[in-house]
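Visitor: Please find one structure pasted underneath; my questions will follow.
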Amino acid sequence: MKNVSRRTTKDIFGVDKALVGMIHLLPLPGSPVGCDSLQEVIDRASMEAEMLRAAGFDSLLIENTHDRPYLRRHVGPEVVAAMTAVTRIIRADHDVPLGIQVLAGDNRSALSVALACNAQYIRAEGFVFASIADEGLFEEADAGPLLRYRRHIDAEHVAILADIQKKHSSHAITADCDTWDHAHGADYCLADGLVITGKSTGTSIRTAELESARSAVELPLCVGSGVTAESAPELFRLADALIVGSALKRQGDWRNEMEPGLLEAFEHVRP
């Protein structure tokens, strides 16, 4: 039997304690709010990538954030094509670990984009346990099918960071399972790392939940919402990577543009 080799934080992000900058893509083709121009999407993403790298962020995570309301598990080929086009340009400009997330929970598409663009990881929703999100019922955990698909397309070098108790979701179905159980379940199902969030975009996590996950697994542990320059040093005490998005935007709103001063505040937050 082949031994399962686990990735370290440095394997995924290039450093032991990583700052990950979110790139919230403008609406892509087919989005309900409309896509004025794919070139505009590319230009904004490229600008934000430059800003994040100049501020010392170790990794960039690219997400189709403005495509709300999202499709459950399956986006159209126009989204995959557009995200590939954007990510290829960022990859050409930056030799840095890249991550992909395709909302909502289209982890196969994320893997496909990652493979085509030489990205290092994806962020996966619905990896273990069922939940109810804005998009509806995620009734089937994705770990089994997704890991087999990753092998099928020869993308096993792409790490899978699994969200547990995902934001914008109800977890009443698994109310008898706490954060320790969710973390342990994702570890058992061969996630390469975990992402823990607050209840919604930009909201802070509860320290007790981070501590519970840390006690359950030795996997790389990422905080996926509510990170600020003030909270980062304490979060780094337990977490291996901090994913920062809203705190870099004007008025702390993910829909707004990045502000240089807000990025500069993160330059000295690592332990």
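Identifiers in this document derive from the order of the structure tokens: chains are assigned A, B, ..., residues are numbered from 1 separately in each chain, and ligands are numbered from 1 in order of occurrence.
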DSSP on the backbone, then: every residue of range 155-251 of chain A marked strand (DSSP E or B), written as a PDB file with C-alpha atoms, in the first residue's frame.
Guide:
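File out_21.pdb, as written:
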ATOM      1  CA  ALA A 159      -2.974  20.659  -2.624  1.00  0.00           C
ATOM      2  CA  ILE A 160      -6.575  20.702  -1.406  1.00  0.00           C
ATOM      3  CA  LEU A 161      -7.381  23.082   1.456  1.00  0.00           C
ATOM      4  CA  ALA A 162     -10.751  22.072   2.835  1.00  0.00           C
ATOM      5  CA  ASP A 163     -13.156  24.527   4.419  1.00  0.00           C
ATOM      6  CA  ILE A 164     -14.794  23.083   7.510  1.00  0.00           C
ATOM      7  CA  SER A 169     -23.898  27.974   5.648  1.00  0.00           C
ATOM      8  CA  SER A 170     -26.102  26.212   8.162  1.00  0.00           C
ATOM      9  CA  GLY A 193      -4.921  21.530   4.900  1.00  0.00           C
ATOM     10  CA  LEU A 194      -7.916  23.110   6.609  1.00  0.00           C
ATOM     11  CA  VAL A 195      -9.618  26.499   6.362  1.00  0.00           C
ATOM     12  CA  ILE A 196     -11.650  27.834   9.281  1.00  0.00           C
ATOM     13  CA  LEU A 221      -4.364  25.339   9.392  1.00  0.00           C
ATOM     14  CA  CYS A 222      -5.626  28.470   7.630  1.00  0.00           C
ATOM     15  CA  VAL A 223      -7.881  31.241   8.907  1.00  0.00           C
ATOM     16  CA  ALA A 241      -1.682  30.744   7.128  1.00  0.00           C
ATOM     17  CA  LEU A 242      -3.958  33.769   7.194  1.00  0.00           C
ATOM     18  CA  ILE A 243      -6.167  34.502   4.190  1.00  0.00           C
ATOM     19  CA  VAL A 244      -6.779  38.248   4.013  1.00  0.00           C
ATOM     20  CA  LYS A 249     -10.498  46.921   1.013  1.00  0.00           C
TER      21      LYS A 249
END
Visitor: Can you list every residue in range 89-183 of chain A that DSSP puts in helix (DSSP H, G or I), as a PyMOL selection string?
Guide: chain A and resi 89-93+107-117+143-152+172-174+179-183
Visitor: Which one of A:Glu156, A:Pro29, A:Ile62, A:Asp142 sits closest to Arg6 in chain A if you count only C-alpha atoms?
Guide: A:Glu156
Visitor: Could you state the separation of CA of Ala265 in chain A and CA of Gly56 in chain A in Å, given to one decimal place?
Guide: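 According to the coordinates, CA of Ala265 in chain A and CA of Gly56 in chain A are separated by 10.8 Å.
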Visitor: Near range 258-261 of chain A, within 10 Å and counting only C-alpha atoms, which residues show up once chain neighbours fewer than 4 positions away are dropped, as a PDB file with C-alpha atoms, in the first residue's frame?
Guide:
ATOM      1  CA  ILE A  23      -8.073  38.475  -5.267  1.00  0.00           C
ATOM      2  CA  MET A  47      -3.231  45.371 -10.252  1.00  0.00           C
ATOM      3  CA  GLU A  48      -4.269  43.681  -7.013  1.00  0.00           C
ATOM      4  CA  MET A  51      -0.196  45.411  -4.732  1.00  0.00           C
ATOM      5  CA  LEU A  52      -0.254  42.219  -2.682  1.00  0.00           C
ATOM      6  CA  ALA A  54       4.609  44.647  -3.108  1.00  0.00           C
ATOM      7  CA  ALA A  55       3.184  44.430   0.417  1.00  0.00           C
ATOM      8  CA  GLY A 245      -9.401  39.884   1.836  1.00  0.00           C
ATOM      9  CA  SER A 246     -11.935  42.327   3.261  1.00  0.00           C
ATOM     10  CA  ALA A 247      -9.413  43.976   5.598  1.00  0.00           C
ATOM     11  CA  LEU A 248      -7.481  45.182   2.545  1.00  0.00           C
ATOM     12  CA  LYS A 249     -10.498  46.921   1.013  1.00  0.00           C
ATOM     13  CA  ARG A 250     -11.830  50.401   1.591  1.00  0.00           C
ATOM     14  CA  GLN A 251     -14.118  50.445   4.648  1.00  0.00           C
ATOM     15  CA  GLY A 252     -13.433  46.737   5.155  1.00  0.00           C
ATOM     16  CA  ASP A 253     -15.933  45.845   2.429  1.00  0.00           C
ATOM     17  CA  TRP A 254     -14.876  43.094   0.013  1.00  0.00           C
ATOM     18  CA  ALA A 265      -0.442  47.447   7.879  1.00  0.00           C
ATOM     19  CA  PHE A 266       0.257  43.732   7.319  1.00  0.00           C
TER      20      PHE A 266
END
Visitor: Which residue is closest to Tyr70 in chain A? Choose from A:Asp106, A:Glu264, A:Glu139, A:Glu218 and count only C-alpha atoms.
Guide: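 For Tyr70 in chain A, the nearest of the candidates is A:Asp106.
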Visitor: Find, counting only C-alpha atoms, the residue in A:Thr207, A:Ser46, A:Gln39, A:Thr8 that gets nearest to Arg91 in chain A.
Guide: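 Residue with the minimum atom-to-atom distance to Arg91 in chain A: A:Ser46.
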Visitor: From the options A:Leu115, A:Leu235, A:Val80, A:Ala186, which residue's atoms come nearest to Ala141 in chain A, counting only C-alpha atoms?
Guide: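 Among A:Leu115, A:Leu235, A:Val80, A:Ala186, it is A:Ala186 that comes nearest to Ala141 in chain A.
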Visitor: Arg72 in chain A: which residues within 12 Å, counting only C-alpha atoms, same-chain residues fewer than 4 positions away excluded, as a list of chain:residue names?
Guide: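 Here the answer would be A:Arg68, A:Gly76, A:Val102, A:Leu103, A:Ala104, A:Gly105, A:Asp106, A:Asn107, A:Glu125, A:Gly126, A:Ile132, A:Ala133, A:Asp134, A:Glu135, A:Gly136, A:Leu137, A:Phe138, A:Glu139, A:Glu140.
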